[in-house]
Each structure stands twice: as structure tokens, then as C-alpha cells.
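With compact mmCIF, C-alpha atoms inside, this is coords39.txt:
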```txt
# COMPACT_ATOMS: atom_id res chain seq x y z
CA MET U 1 -33.53 20.51 51.08
CA THR U 2 -32.26 16.99 50.61
CA THR U 3 -28.63 16.13 51.14
CA SER U 4 -28.49 13.47 48.46
CA LEU U 5 -25.23 13.29 46.56
CA PHE U 6 -26.94 14.06 43.24
CA ASN U 7 -29.76 16.43 44.19
CA SER U 8 -29.21 20.10 43.56
CA SER U 9 -31.30 23.21 43.90
CA LEU U 10 -30.00 24.15 40.42
CA SER U 11 -31.89 22.81 37.44
CA THR U 12 -29.18 24.10 35.04
CA LEU U 13 -25.93 26.07 35.14
CA ALA U 14 -27.61 29.12 33.57
CA PRO U 15 -28.41 30.82 36.92
CA LEU U 16 -24.71 30.73 37.81
CA ALA U 17 -23.89 32.70 34.66
CA GLY U 18 -26.71 35.13 35.34
CA SER U 19 -26.85 37.99 32.86
CA SER U 20 -23.07 38.10 32.43
CA ILE U 21 -22.33 37.77 28.72
CA ALA U 22 -18.75 36.78 29.54
CA LYS U 23 -19.85 33.91 31.79
CA GLN U 24 -22.43 32.74 29.27
CA ALA U 25 -19.82 32.87 26.49
CA MET U 26 -17.40 30.82 28.61
CA ILE U 27 -20.06 28.15 29.10
CA VAL U 28 -20.88 28.09 25.36
CA VAL U 29 -17.22 27.98 24.26
CA GLY U 30 -16.38 25.33 26.87
CA GLY U 31 -19.35 23.22 25.82
CA THR U 32 -18.47 23.59 22.13
CA ILE U 33 -14.87 22.51 22.68
CA GLY U 34 -15.94 19.67 24.97
CA LEU U 35 -18.46 18.38 22.43
CA ALA U 36 -15.88 18.63 19.64
CA ALA U 37 -13.46 16.56 21.75
CA LEU U 38 -16.10 13.94 22.61
CA SER U 39 -16.96 13.70 18.90
CA GLN U 40 -13.46 12.40 18.18
CA VAL U 41 -13.65 9.52 20.67
CA ALA U 42 -14.69 6.45 18.69
CA ILE U 43 -15.51 3.22 20.49
CA GLY U 44 -16.46 -0.15 19.06
CA TYR U 45 -15.96 -2.34 16.07
CA PRO U 46 -17.13 -2.96 13.35
CA VAL U 47 -19.61 -0.09 13.83
CA PRO U 48 -17.90 2.66 15.82
CA THR U 49 -19.85 4.99 18.06
CA THR U 50 -18.66 8.30 19.44
CA LEU U 51 -19.36 10.13 22.65
CA GLN U 52 -21.18 12.92 20.76
CA THR U 53 -24.60 11.95 22.03
CA LEU U 54 -23.28 11.84 25.59
CA GLY U 55 -22.01 15.39 25.13
CA VAL U 56 -25.25 16.58 23.57
CA MET U 57 -27.29 15.12 26.43
CA LEU U 58 -25.00 16.64 29.06
CA ILE U 59 -25.13 20.05 27.41
CA GLY U 60 -28.92 20.02 27.25
CA LEU U 61 -29.26 18.72 30.79
CA THR U 62 -26.82 21.14 32.42
CA PHE U 63 -26.91 24.27 30.23
CA GLY U 64 -30.64 24.84 29.77
CA PHE U 65 -32.41 25.84 26.56
CA ARG U 66 -30.64 29.08 25.67
CA LEU U 67 -27.07 28.06 26.48
CA ALA U 68 -27.51 24.54 25.04
CA THR U 69 -28.95 25.91 21.81
CA ALA U 70 -26.16 28.50 21.53
CA THR U 71 -23.56 25.81 22.19
CA LEU U 72 -24.90 23.47 19.51
CA VAL U 73 -25.21 26.33 17.00
CA ALA U 74 -21.56 27.23 17.69
CA TYR U 75 -20.56 23.57 17.35
CA LEU U 76 -22.40 23.16 14.05
CA ALA U 77 -21.07 26.48 12.72
CA GLY U 78 -17.51 25.54 13.66
CA GLY U 79 -17.83 22.16 11.98
CA ALA U 80 -19.42 23.69 8.88
CA ALA U 81 -16.54 26.19 8.73
CA GLY U 82 -14.10 23.30 8.55
CA LEU U 83 -12.94 23.02 12.15
CA PRO U 84 -12.36 19.39 13.17
CA PHE U 85 -15.50 19.24 15.31
CA PHE U 86 -17.53 16.47 13.73
CA ALA U 87 -17.00 12.73 14.05
CA PRO U 88 -14.86 11.45 11.20
CA PHE U 89 -17.47 9.15 9.65
CA GLY U 90 -18.31 11.06 6.47
CA ALA U 91 -21.58 11.43 4.60
CA GLY U 92 -24.96 10.55 5.97
CA THR U 93 -24.54 12.24 9.34
CA SER U 94 -26.39 15.49 8.63
CA GLY U 95 -29.66 14.22 10.12
CA TYR U 96 -27.85 13.30 13.31
CA LEU U 97 -26.21 16.74 13.49
CA ILE U 98 -29.56 18.50 13.13
CA GLY U 99 -30.93 16.07 15.70
CA PHE U 100 -28.14 17.07 18.11
CA LEU U 101 -29.25 20.71 17.98
CA LEU U 102 -32.93 19.89 18.46
CA ALA U 103 -32.22 17.30 21.18
CA ALA U 104 -30.03 19.67 23.22
CA ALA U 105 -32.67 22.39 22.87
CA LEU U 106 -35.46 20.01 23.95
CA ILE U 107 -33.54 18.61 26.92
CA GLY U 108 -32.52 22.15 27.92
CA TYR U 109 -36.10 23.37 27.63
CA LEU U 110 -37.30 20.57 29.90
CA ALA U 111 -34.45 21.20 32.35
CA ASP U 112 -35.27 24.92 32.52
CA ARG U 113 -38.80 24.04 33.55
CA GLY U 114 -37.65 21.74 36.34
CA PHE U 115 -38.68 18.57 34.53
CA THR U 116 -35.24 17.05 35.19
CA ARG U 117 -35.23 17.58 38.95
CA SER U 118 -36.34 13.98 39.47
CA TRP U 119 -34.53 10.92 38.20
CA LEU U 120 -37.57 9.83 36.22
CA GLY U 121 -37.89 13.26 34.62
CA THR U 122 -34.18 13.28 33.81
CA ILE U 123 -34.32 9.87 32.14
CA ALA U 124 -37.48 10.83 30.23
CA ALA U 125 -35.93 14.09 28.98
CA LEU U 126 -32.74 12.32 27.90
CA PHE U 127 -34.74 9.56 26.20
CA ALA U 128 -36.77 12.20 24.33
CA GLY U 129 -33.53 13.79 23.18
CA GLU U 130 -32.19 10.44 21.98
CA ALA U 131 -35.45 9.81 20.11
CA VAL U 132 -35.03 13.14 18.29
CA ILE U 133 -31.41 12.37 17.38
CA PHE U 134 -32.10 8.88 16.08
CA GLY U 135 -35.41 9.80 14.47
CA LEU U 136 -33.82 12.52 12.36
CA GLY U 137 -30.64 10.52 11.78
CA VAL U 138 -32.45 7.43 10.54
CA ALA U 139 -34.81 9.51 8.38
CA TRP U 140 -31.84 11.29 6.82
CA LEU U 141 -30.04 7.99 6.17
CA SER U 142 -33.14 6.61 4.51
CA GLN U 143 -33.41 9.61 2.19
CA ALA U 144 -29.68 10.18 1.54
CA PHE U 145 -28.93 6.56 0.72
CA ASN U 146 -32.33 5.53 -0.68
CA MET U 147 -32.82 2.93 2.06
CA SER U 148 -36.06 1.41 3.23
CA ALA U 149 -37.10 2.32 6.76
CA SER U 150 -36.03 -1.08 8.05
CA GLU U 151 -32.63 -0.80 6.33
CA ALA U 152 -32.07 2.67 7.77
CA ILE U 153 -33.06 1.48 11.25
CA ALA U 154 -30.71 -1.49 10.94
CA ALA U 155 -27.85 0.79 9.87
CA GLY U 156 -28.49 3.90 11.91
CA LEU U 157 -30.19 2.81 15.12
CA THR U 158 -29.90 -0.86 16.00
CA PRO U 159 -26.08 -1.00 16.32
CA PHE U 160 -26.16 1.90 18.78
CA LEU U 161 -29.03 0.97 21.11
CA LEU U 162 -27.04 -0.65 23.91
CA VAL U 163 -24.20 1.86 23.88
CA ASP U 164 -26.59 4.80 23.81
CA ALA U 165 -28.58 3.37 26.70
CA ILE U 166 -25.32 3.33 28.67
CA LYS U 167 -24.53 6.89 27.54
CA LEU U 168 -28.00 7.98 28.64
CA ALA U 169 -27.43 6.55 32.12
CA LEU U 170 -23.99 8.16 32.29
CA ALA U 171 -25.44 11.51 31.18
CA ALA U 172 -28.00 11.35 33.98
CA LEU U 173 -25.36 10.56 36.61
CA ILE U 174 -22.75 13.00 35.33
CA GLY U 175 -25.28 15.78 34.73
CA LYS U 176 -26.74 15.53 38.21
CA GLY U 177 -23.21 15.42 39.64
CA VAL U 178 -22.13 18.49 37.66
CA LEU U 179 -25.11 20.49 38.89
CA LYS U 180 -24.52 19.43 42.50
CA GLY U 181 -20.81 20.22 42.20
CA ALA U 182 -21.50 23.61 40.63
CA GLU U 183 -23.95 24.41 43.38
CA GLN U 184 -21.37 23.53 46.04
CA PHE U 185 -18.64 25.49 44.21
CA ALA U 186 -20.87 28.58 43.98
CA LYS U 187 -21.27 28.54 47.77
CA LEU U 188 -17.50 28.93 48.31
```
Would you mind writing the structure in this file as C-alpha cells?
Amino acid sequence: MTTSLFNSSLSTLAPLAGSSIAKQAMIVVGGTIGLAALSQVAIGYPVPTTLQTLGVMLIGLTFGFRLATATLVAYLAGGAAGLPFFAPFGAGTSGYLIGFLLAAALIGYLADRGFTRSWLGTIAALFAGEAVIFGLGVAWLSQAFNMSASEAIAAGLTPFLLVDAIKLALAALIGKGVLKGAEQFAKL
């Protein structure tokens, strides 16, 4: 076993919860609240970006398929029920929200299968998740606002490329650190 700061024998947090419904519920509720909080953090001007995608990537990377999917379903259900979970940017975000669910599930699926054990695999999984989010978000914008593909890309992708590349790198670092920290904590 390597002693690298970011390498862990855990591929997700799911093994730490085991079959305990209470532990799994705590992970899902904690992830839902954390994602709701990150959704409210807006950075940038004139086009603000939130930390939602960072949260989605971290949830997929660290929770695995089942817990990530449950967390995003809880997040979407809470927001749909009127809880202040979603970013305050109004209409046109439904494609991104659906993309969040599918991206977290995809990243979690890949993490469960050990794909994210390497740095390259982690970056590839996170990039695939981002592609799902932006693909669905841009498609939804195009349909909802009757935009051409190039207009939707200019409005819903281009302004976020640099910031989301940074969030992707942060998700990789934080996610690997969380897994390593959880592994060390579990040994106590």
C-alpha cells in the first residue's frame, strides 16, 4: 500500500456505512444539505457561477453510485418541494438539475468500480460528469429559450469553462483527501 497523501484503499465512503441504514441516511442527508449550501454560493460577475457542480462531483466521487443517486434525488425532491436548495437563478436550469443527478450517478458508478483510484481515472470520471451536466443544461437552454446550438453554448457553457475546470481540479483533490481522511478516521 502506498503512503501517498491522497491515495486511499477506499474507492468511496459507502463501505464505511456498510449495511447500516442510519449511517447511509446520515451520508445522504449530509450530502443533501452540503449541496444545498454550495448551491447558494455565487461567484463571478456578470455571469455568476455557483459551487453546485463542485458539490455534485464530490458527492459522486466520494459517495458511490447508490448513495450519490439517493443524495441527488433527495436534493431535487427538497428543491421541488420548495426548500431553498437550488441556485437562485430562475428558469432555464432544469436541464442542469437533471444533469446533476445523472452526473453524480455516473461518477459514483465509475468510483464504485475503482475507475477513480488513479488520478487519470478520477479526472476522466469528473470530466464525464461535467459533460453530462453541460450537455443536458445547454440542450435544455436551447429548447426552453428557442436558442440555436451556438447561442445556447455561448450562454450556458462558454462562460463557465474556466471556473468549472478549476472546480474539477478541486473536486479531485478534495475527494481524494476526503477518502484518505475517512480511511484514517475509520482506523481510530
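Residue nearest Thr12 in chain U, chosen from U:Ile27, U:Ala80, U:Leu102, U:Ile166 and counting all atoms listed in the file: U:Ile27.
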### Task
For Ala124 in chain U, please output as a PyMOL selection string all residues within 12 Å (counting only C-alpha atoms; exclusion window: fewer than 2 positions along the same chain).
chain U and resi 57+61+106-107+110-111+115-122+126-131+168-169+172
### Task
Name all residues at most 9 Å from Thr49 in chain U (count all atoms listed in the file; drop same-chain ones fewer than 2 positions away) and give them as a PyMOL selection string.
chain U and resi 41-45+47+51-52+159-160+163-164
### All residues 8 Å or closer to range 74-79 of chain U, all atoms listed in the file, same chain fewer than 2 positions away omitted, as a list in words
Val28, Val29, Thr32, Ile33, Leu35, Ala36, Ala70, Thr71, Leu72, Ala81, Gly82, Leu83, Pro84, Phe85, Phe86 and Leu97 of chain U
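In this model, the gap between CA of Ile123 in chain U and CA of Ala68 in chain U comes to 17.7 Å.
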### Summary
From the list U:Ser19, U:Ser39, U:Ser8, U:Thr53, the nearest residue to Val132 in chain U using only C-alpha atoms is U:Thr53
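Between CA of Phe134 in chain U and CA of Tyr96 in chain U lies a distance of 6.7 Å.
One distance worth recording is that between CA of Val178 in chain U and CA of Gly34 in chain U, which is 14.2 Å.
Among the candidates U:Leu13, U:Leu179, U:Leu38, U:Ala103, the one nearest to Leu54 in chain U when counting all atoms listed in the file is U:Leu38.
Residue nearest Gln143 in chain U, chosen from U:Thr93, U:Gly31, U:Leu170, U:Thr158 and counting only C-alpha atoms: U:Thr93.
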